[in-house]
Structures are given as structure tokens and as C-alpha cells.
Amino acid sequence: MTDLKPNHLPSPARRAAATGGILAGALLLAGLVPAQAIRAFAAPHDAVAEPMMGRAAMLRPVLARRPADAPPTREDSARAVHLLQRATFGARPRDVAEVLRMGREAWLDRQLHPERIDDSALQRRLAAFPAAAMSPGELLAAYPRPKANPAQRAQRDSARRAREEMRGDSGMVMNRGGADESTSARPRARRRAAAGDTAAMAMRADGAGFAAGRRQARPRGPQAILVDAAGARLQRAVYSERQLEEVMTDFWFNHFNVFFGKNQDRYLVTAYEREAIRPHVFGKFRDLLEASAKHPAMLVYLDNAQSMVPDSVNPNAGQIDAARRRLLAMTPAQRAEVYRRRGVDPAVGERMLAGGDSGAGRRRARGINENYARELMELHTLGVDGGYTQHDVIEVARALTGWTIQRGGRRAAGAEPAFVFRPAMHDPGEKTVLGHRLPAGRGIEDGEAVLDLLARHPATARHIALQLAQRFVADDPPPSLVDHLAAVFTRTDGDLREVTRALFLSPEFNDPRWRDAKVKSPLEFVAGALRATGADVSPSRGLLQALRQMGQMPYAATPPTGYPNTSAEWTNSGAMLGRMNFALALAAGRVDGVRLDEQRFALALATRDADARIAALARMVMPGAADPRLVRTIAEDVRQQAQLDERQRAARALGLLLGSPDFQRR
């Protein structure tokens with residue numbers, strides 16, 4: 001393997017790399033991207049705009065069975081490529097050959113049972129990202145938050161007070177019978193306000209960027225956790241043999257998104273993906289929903305850990321008040337010792353003091369926090385049009401009071417953060433959710449009954465079906481496919497393995513109209529480029545910087561909606577130019593921590609005919625038929641680069657292929 005990562009390129013090569021943006025514009029002008037709007041980039045042809053067909057009309061006769069030794073047809077190859085483009089992080093020629101050898105159904109069945117696939121080679125690679133495998137307690141010990149000096153604390157407190165004044169109350173407390181105190185009732189605005197001001201920290205990448213061509217110093221503190229976690233996610237996307245499991249883990253983490261930068265979630269997000277998401281992507285939706293609801297990362301992110309019954313309706317209010325008075329009579333050091341001895345999270349203890357007089361005036365009133373209840377229905381289950389009301393939001397929030405976090409103390413030495421139900425925080429009154437009565441006097445059963453109800457609601461089946469169809473078929477998917485997936489979801493009681501199988505084997509998924517109908521997200525693009533080039537990737541700040549610049553740093557989506565499933569969000573002139581610049585840098589060996597194998601492309605470059613060389617390269621990185629116009633355009637550009645040697649011309653051709661519209665589609 002030859003390292004293609006020179007520290008200093010000759011000035012002609014730098015000039016050639018700088019012209020990548022010019023050629024990107026030329027590709028647009030050449031008609032390789034529809035001229036009407038960048039959004040049309042995602043549409044392969046005019047057939048996408050045709051009226052949707054009913055499911056019965058889409059059922060086509062099964063092709064006659066061919067002899068086992070018959071060569072695959074062009075349609076067989078096209079279907080194999082299409083499946084791989086959606087069910088993996090990038091189709092490679094050897095993957096296409098494997099699908100054609102096994103058959104699409106057999107390949108899909110193997111991927112749906114990842115435990116049958118040896119992935120030990122990936123595990124060896126993941127050893128280079130130790131923080132990604134640590135428990136929250138280990139992370140907190142290894143990567144403590146730097147202590148702020150007095151000036152920094154004063155600045156932070158001032159900023160917090162300013163935010164609370166602007167938003168009225170940052171906790172969005174909902175007292176029973178009251179109104180939401182957040183400033184905006186619109187979901188998107190509310191989520192952005194609730195996301196906090198830590199996005200800059202999570203998205204920051206120190207150093208000069210992906211094209212710097214040099215190693216960056218490893219960050220300290222919690223930022224190092226994000227670097228390892230995102231690096232491990234990228235390794236999985238590129239090298240895992242269990243590609244469908246990785247794709248679906250990405251989908252479901254995004255569906256149940258948790259933001260790395262929210263308070264203690266810096267130490268919880270990796271465990272959240274490892275414990276709540278990945279084990280359930282091919283299991284029952286109800287189990288996935290509960291695993292997410294009870295995980296400390298979600299309890300922190302959407303504030304349910306601090307949601308409790310207001311004192312006015314709490315039958316345990318007298319006991320709580322007595323405990324509060326005792327704590328108020330103690331010094332801070334004495335309180336800390338009590339918390340330590342009794343295994344109480346100090347944050348929980350201090351919240352108990354919030355309703356008392358600390359000598360500095362009354363603090364914010366305690367009460368029910370709606371954040372998780374709202375997103376549970378709007379995003380995780382029913383959907384925005386799922387038929388629930390604000391009353392249902394309040395009732396679900398009441399049902400989930402007391403769902404909080406237990407942390408370690410003397411009584412639980414070495415214990416990790418975990419879900420715990422605290423009856424003293426729970427509202428035991430009668431509740432009605434979506435017309436279903438929850439009797440008074442119960443405890444954790446209220447929340448579990450809500451999860452049962454939402455997981456099996458018809459609106460949830462449709463919402464999940466729509467999200468899957470939108471991610472894996474088209475931004476505006478065929479209604480017949482949504483109906484079919486919803487029916488499978490309902491019939492199998494939310495069996496996600498069977499729903500996923502139905503998705504990829506459906507007539508709609510295999511309809512030629514939907515091939516190349518999606519644009520790769522930044523993560524799909526970067527991982528796909530690394531897979532296509534056979535790159536050897538070590539820990540790389542350059543790759544993370546590229547993802548940050550393109551807008552999809554893993555674990556750093558601040559709103560509960562996560563990153564978008566639709567192509568329109570990723571297609572604009574600036575984004576396309578950024579992708580072209582990354583592709584040129586990757587092909588020229590100028591991405592930190594990435595090595596390309598020159599021998600991989602030696603055969604393709606052996607011919608003297610420029611067009612044939614570009615076409616051979618295109619077949620290697622883009623299985624399927626490359627647009628002849630693209631090949632001619634790139635060949636002409638390379639011929640004009642007289643100042644470049646053969647190696648540099650080959651790198652430029654490879655970069656232009658990876659940055660082209662053909663490679664961006666999936």
C-alpha cells in the first residue's frame with residue numbers, strides 16, 4: 001500500500017485542486033445536474049413526477065426463473081446496485097458480485113441476522129477509539145469536564161440568566177392545569193430553543209481542517225469522547241460487514257435522537273447507542289421505544305429526569321417538605337455528605353430544595369416537564385398529525401413523572417447511571433390518554449401503559465412506515481408503500497426485522513422510478529467515498545472536520561428531529577461545492593489519517609486512451625453505468641491539466657468522479 005498523503009503538494013497541484021469548484025460549476029452547466037434547481041439533483045428522471053400508482057397496479061409478474069448458471073441480466077445488476085445503495089453505506093463492485101451470486105433475498109436475509117456475520121476485523125479497528133466503548137462512569141473518570149475559573153463561571157451564569165429571561169423559563173415547566181411557559185408553541189422553534197447553546201462546543205473541530213495534511217493534537221475533556229465516538233461511527237459505516245445493521249442503527253438513532261452537548265449526555269450518548277438503539281434495530285418497536293424512554297441519555301436530553309408532580313397535588317408533599325427543611329438547615333458540605341451516603345444524585349437533592357426558601361428568595365417552582373411527552377408522541381410514535389391534543393401531552397407527562405435517574409453513591413459503589421422510578425415524584429391521580437383511562441393510585445404502570453398504547457396505535461404504524469419510506473425510497477414516497485409497511489408493522493406487532501424486509505423487497509422499492517431518487521447525506525457520502533476507494537482509515541480529525549463542514553457531525557444534531565431524512569436539506573450549491581473539494585482532497589491524499597491504495601487503480605490507469613481510463617475508474621467507484629457525458633467532461637478536464645504529472649491527473653480524475661452528481665445519488 002502506498003501512502004498518498006504528501007505534506008506539501010507542488011504548486012501546480014495546489015492550483016489544480018483549487019479549480020475543483022470551477023469544474024463543479026462546469027458539471028452543473030453541462031447538464032449533469034438539472035438547471036431548474038439544486039433540489040432536482042435528487043430526481044433521476046421525469047418519471048418521478050408521474051402520478052403515484054396504486055399498490056395493486058404496481059404488482060408486476062415475476063420474471064421467469066433462469067438456469068442457475070445463466071449470466072445476470074442488466075436489470076439484475078441494476079437491482080443489486082440499487083439495494084446496496086440503500087441498504088449499505090456504499091456499493092462496491094465486489095458487493096454487487098456477492099448479491100448477484102447469493103440473490104437479493106438471500107443477501108438481505110443474511111444482513112437481517114447480523115449475529116451470523118463475522119465482524120471481528122471491525123472490532124480490531126474500533127480498538128483505536130477507546131472512549132467509544134467505555135461506560136459512562138469510566139468516561140466521567142477518564143475525561144472530566146475542565147474546571148471553570150471564577151471569570152468563566154460568572155460569564156456562564158450571566159449567559160444562562162440572559163437565556164432564561166429571553167425564554168421566560170428554560171425548564172418549560174408545565175404545572176397541572178397551567179400553560180406551557182416556553183416562549184414558542186411551534187415545534188421547530190421550541191426545539192431549537194431547548195437545544196441549548198452547547199452546539200458550538202460539540203461541532204467545534206480544532207486545527208486547520210481536513211486538507212491540512214497533518215495530525216491534530218487529541219482534544220481533552222469531553223470533546224475527546226465526541227472525537228472517538230464519531231470516529232468509531234465512521235469506522236463502522238466503512239468497514240462493518242454488517243452493513244444493514246449499521247444503516248438501521250443510524251436511522252433509529254436519528255429517529256430517537258439525543259444531542260451529545262446536552263449536559264451529562266456527553267458521558268451517556270455512546271452507551272445510549274450501544275444499549276438502547278443497536279440491540280433493538282431488528283427487534284420489536286415496543287422494546288426499542290422503552291429502551292429509549294428509560295435510558296439516562298434520553299431522560300437528560302428531554303428533561304424527563306426532573307419532571308415531578310407539583311406540590312399542590314402530591315400526597316408525599318409533607319414528607320418532601322420535611323426533608324427539604326432538614327437539608328436547608330445544613331451547610332453545602334453536609335448536604336453533599338448526605339447525598340453521598342444515601343446514594344442520591346446531588347442534582348435530584350438540589351431540585352428538592354427548589355421549592356423551599358434558601359435565603360436567596362424562592363427558586364423556580366417544581367412541576368411537570370412536557371418536553372419528552374410531546375416529542376414521544378410527535379416524533380417517536382404518532383407523528384405530528386397523529387390525532388393527539390395538548391391535553392394528551394399533559395396527561396402523558398403526568399404518567400411519566402418519577403421516571404428519572406439513579407446514580408452511584410456509597411450504597412452502590414461503582415454503579416453506573418441507570419433508570420429508576422421514584423414514587424415520591426410521581427403523580428398518582430387518574431389520567432386519560434387518547435381516550436384511554438389510567439386509574440388513580442398507580443406508579444410506574446402509568447408510563448408503561450402509555451408506551452403500550454403508543455407503540456400499538458395505528459398512527460404510529462403509519463408514522464414509522466412513512467419515516468422508513470422517506471429515508472430509503474423517496475422524499476415523497478408512494479402512498480401504497482406506506483400503507484404496505486404500516487400493515488406489516490401492525491400485523492407483526494412492530495417486528496422491525498419483518499418491516500425492514502418488507503421495505504427492501506417491496507415492488508415500490510424496486511421500481512426503476514425510485515433508483516437514484518435520493519441524494520446521499522454527508523455521512524453516506526464520506527463513508528461511501530472511503531468504501532469506493534478502498535481507503536485505510538485511522539483516527540482522523542480531517543474526516544470529522546469534513547463531516548462538520550458538511551453539516552452532519554455524528555451525535556451533534558441539536559433538535560429532537562435529528563438530521564433530515566430528505567434530500568432537499570442536503571442539496572444546495574455550497575454543499576455540493578464542499579463535497580467536490582473533499583473528494584479532490586481525498587483523491588490527492590490530502591485528508592489527515594487516510595491512505596489510498598494506488599495499486600487498486602493501476603489496472604484502470606494502464607490504458608493510454610483517456611476516455612477509457614476515466615470510464616474504468618468510474619466502474620470501480622460507481623458500480624453501474626456511469627453517464628457518458630460525465631466521463632467525457634472529466635476526460636477533457638484532465639487533458640487540459642498540462643502542468644500535472646500522470647499520478648496527479650489520475651488523482652484529479654478520481655476526485656472529480658467522487659464529487660460528481662452520479663456519485664452523490666443513491
# chains A, B, ... in the order shown; residues from 1 in each chain; ligands from 1

$ residues_around --residues "Leu400 of chain A" --least-positions-apart "3" --cutoff "8 Å" --atoms "only C-alpha atoms" --output "mmCIF file with N, CA, C and O atoms, in the first residue's frame"
data_model
loop_
_atom_site.group_PDB
_atom_site.id
_atom_site.type_symbol
_atom_site.label_atom_id
_atom_site.label_comp_id
_atom_site.auth_asym_id
_atom_site.auth_seq_id
_atom_site.Cartn_x
_atom_site.Cartn_y
_atom_site.Cartn_z
ATOM 1 N N ASN A 304 -36.959 14.672 31.186
ATOM 2 C CA ASN A 304 -37.946 13.948 31.984
ATOM 3 C C ASN A 304 -37.389 13.556 33.354
ATOM 4 O O ASN A 304 -38.155 13.323 34.299
ATOM 5 N N SER A 307 -38.837 15.876 35.810
ATOM 6 C CA SER A 307 -40.286 16.078 35.805
ATOM 7 C C SER A 307 -40.907 15.414 37.032
ATOM 8 O O SER A 307 -40.699 14.225 37.283
ATOM 9 N N ALA A 373 -42.727 14.151 26.794
ATOM 10 C CA ALA A 373 -44.079 13.687 26.440
ATOM 11 C C ALA A 373 -44.471 14.170 25.051
ATOM 12 O O ALA A 373 -45.051 13.413 24.257
ATOM 13 N N VAL A 396 -49.785 12.517 29.334
ATOM 14 C CA VAL A 396 -48.624 11.642 29.176
ATOM 15 C C VAL A 396 -47.485 12.116 30.071
ATOM 16 O O VAL A 396 -46.795 11.304 30.706
ATOM 17 N N ALA A 397 -47.276 13.428 30.150
ATOM 18 C CA ALA A 397 -46.236 13.959 31.039
ATOM 19 C C ALA A 397 -46.520 13.583 32.485
ATOM 20 O O ALA A 397 -45.602 13.226 33.237
ATOM 21 N N TRP A 403 -40.064 9.050 36.408
ATOM 22 C CA TRP A 403 -39.108 8.319 35.577
ATOM 23 C C TRP A 403 -37.827 9.156 35.557
ATOM 24 O O TRP A 403 -37.741 10.163 34.852
ATOM 25 N N HIS A 426 -43.954 10.964 41.464
ATOM 26 C CA HIS A 426 -44.998 10.569 40.515
ATOM 27 C C HIS A 426 -46.354 11.151 40.880
ATOM 28 O O HIS A 426 -46.715 11.248 42.057
ATOM 29 N N ILE A 444 -45.316 3.224 38.326
ATOM 30 C CA ILE A 444 -44.618 3.083 37.052
ATOM 31 C C ILE A 444 -45.512 2.494 35.974
ATOM 32 O O ILE A 444 -45.280 2.680 34.776
ATOM 33 N N ASP A 446 -48.278 3.477 34.987
ATOM 34 C CA ASP A 446 -48.846 4.527 34.142
ATOM 35 C C ASP A 446 -47.994 4.747 32.899
ATOM 36 O O ASP A 446 -48.501 4.763 31.767
ATOM 37 N N GLY A 447 -46.690 4.934 33.091
ATOM 38 C CA GLY A 447 -45.803 5.173 31.956
ATOM 39 C C GLY A 447 -45.721 3.976 31.036
ATOM 40 O O GLY A 447 -45.695 4.128 29.807
#

$ residues_around --residues "segment 619-636 of chain A" --least-positions-apart "2" --cutoff "7 Å" --atoms "only C-alpha atoms" --output "PyMOL selection string"
chain A and resi 78+81+91-93+532-533+610-611+614-617+638-640+653+656+663

$ closest_residue --among "A:Pro559, A:Leu100, A:Val281, A:Leu523" --to "Glu75 of chain A" --atoms "only C-alpha atoms"
A:Leu100

$ residues_around --residues "Phe421 of chain A" --least-positions-apart "6" --cutoff "10 Å" --atoms "only C-alpha atoms" --output "ChimeraX atom specification"
/A:294,305,400-406,443-444

$ write_last_selection --atoms "N, CA, C and O atoms" --output "PDB file, in the first residue's frame"
ATOM      1  N   LYS A 294     -36.316   4.869  28.808  1.00  0.00           N
ATOM      2  CA  LYS A 294     -35.740   4.657  30.133  1.00  0.00           C
ATOM      3  C   LYS A 294     -34.239   4.914  30.187  1.00  0.00           C
ATOM      4  O   LYS A 294     -33.643   4.828  31.264  1.00  0.00           O
ATOM      5  N   ALA A 305     -36.062  13.508  33.484  1.00  0.00           N
ATOM      6  CA  ALA A 305     -35.467  13.163  34.777  1.00  0.00           C
ATOM      7  C   ALA A 305     -35.853  14.147  35.868  1.00  0.00           C
ATOM      8  O   ALA A 305     -35.853  13.808  37.049  1.00  0.00           O
ATOM      9  N   LEU A 400     -45.594   9.989  33.166  1.00  0.00           N
ATOM     10  CA  LEU A 400     -44.167   9.713  33.165  1.00  0.00           C
ATOM     11  C   LEU A 400     -43.419  10.418  34.287  1.00  0.00           C
ATOM     12  O   LEU A 400     -42.184  10.343  34.347  1.00  0.00           O
ATOM     13  N   THR A 401     -44.124  11.111  35.175  1.00  0.00           N
ATOM     14  CA  THR A 401     -43.438  11.696  36.329  1.00  0.00           C
ATOM     15  C   THR A 401     -42.844  10.586  37.188  1.00  0.00           C
ATOM     16  O   THR A 401     -43.432   9.506  37.338  1.00  0.00           O
ATOM     17  N   GLY A 402     -41.686  10.838  37.718  1.00  0.00           N
ATOM     18  CA  GLY A 402     -40.994   9.839  38.523  1.00  0.00           C
ATOM     19  C   GLY A 402     -40.048   8.969  37.733  1.00  0.00           C
ATOM     20  O   GLY A 402     -39.274   8.203  38.323  1.00  0.00           O
ATOM     21  N   TRP A 403     -40.064   9.050  36.408  1.00  0.00           N
ATOM     22  CA  TRP A 403     -39.108   8.319  35.577  1.00  0.00           C
ATOM     23  C   TRP A 403     -37.827   9.156  35.557  1.00  0.00           C
ATOM     24  O   TRP A 403     -37.741  10.163  34.852  1.00  0.00           O
ATOM     25  N   THR A 404     -36.838   8.760  36.310  1.00  0.00           N
ATOM     26  CA  THR A 404     -35.657   9.591  36.476  1.00  0.00           C
ATOM     27  C   THR A 404     -34.413   8.713  36.528  1.00  0.00           C
ATOM     28  O   THR A 404     -34.428   7.568  36.067  1.00  0.00           O
ATOM     29  N   ILE A 405     -33.332   9.239  37.092  1.00  0.00           N
ATOM     30  CA  ILE A 405     -32.025   8.584  37.017  1.00  0.00           C
ATOM     31  C   ILE A 405     -31.492   8.292  38.407  1.00  0.00           C
ATOM     32  O   ILE A 405     -31.561   9.136  39.301  1.00  0.00           O
ATOM     33  N   GLN A 406     -30.943   7.108  38.585  1.00  0.00           N
ATOM     34  CA  GLN A 406     -30.232   6.730  39.807  1.00  0.00           C
ATOM     35  C   GLN A 406     -28.743   6.747  39.518  1.00  0.00           C
ATOM     36  O   GLN A 406     -28.283   6.122  38.569  1.00  0.00           O
ATOM     37  N   GLY A 443     -48.322   3.557  39.865  1.00  0.00           N
ATOM     38  CA  GLY A 443     -46.998   4.152  39.814  1.00  0.00           C
ATOM     39  C   GLY A 443     -46.386   4.024  38.443  1.00  0.00           C
ATOM     40  O   GLY A 443     -46.880   4.583  37.467  1.00  0.00           O
ATOM     41  N   ILE A 444     -45.316   3.224  38.326  1.00  0.00           N
ATOM     42  CA  ILE A 444     -44.618   3.083  37.052  1.00  0.00           C
ATOM     43  C   ILE A 444     -45.512   2.494  35.974  1.00  0.00           C
ATOM     44  O   ILE A 444     -45.280   2.680  34.776  1.00  0.00           O
TER      45      ILE A 444
END

$ closest_residue --among "A:Ala229, A:Ala474, A:Ala527, A:Val238" --to "Ala121 of chain A" --atoms "only C-alpha atoms"
A:Val238

$ select_by_dssp --residues "segment 442-665 of chain A" --states "alpha helix (DSSP H)" --output "VMD selection string"
chain A and resid 444 to 455 458 to 472 479 to 491 496 to 505 507 to 510 522 to 533 541 to 550 573 to 587 610 to 621 628 to 639 646 to 658 661 to 664

$ closest_residue --among "A:Val96, A:Val247, A:Leu547, A:Val519" --to "Glu569 of chain A" --atoms "only C-alpha atoms"
A:Val519

$ atom_distance --atom1 "atom CA of Met102 of chain A" --atom2 "atom CA of Asp662 of chain A"
26.6 Å
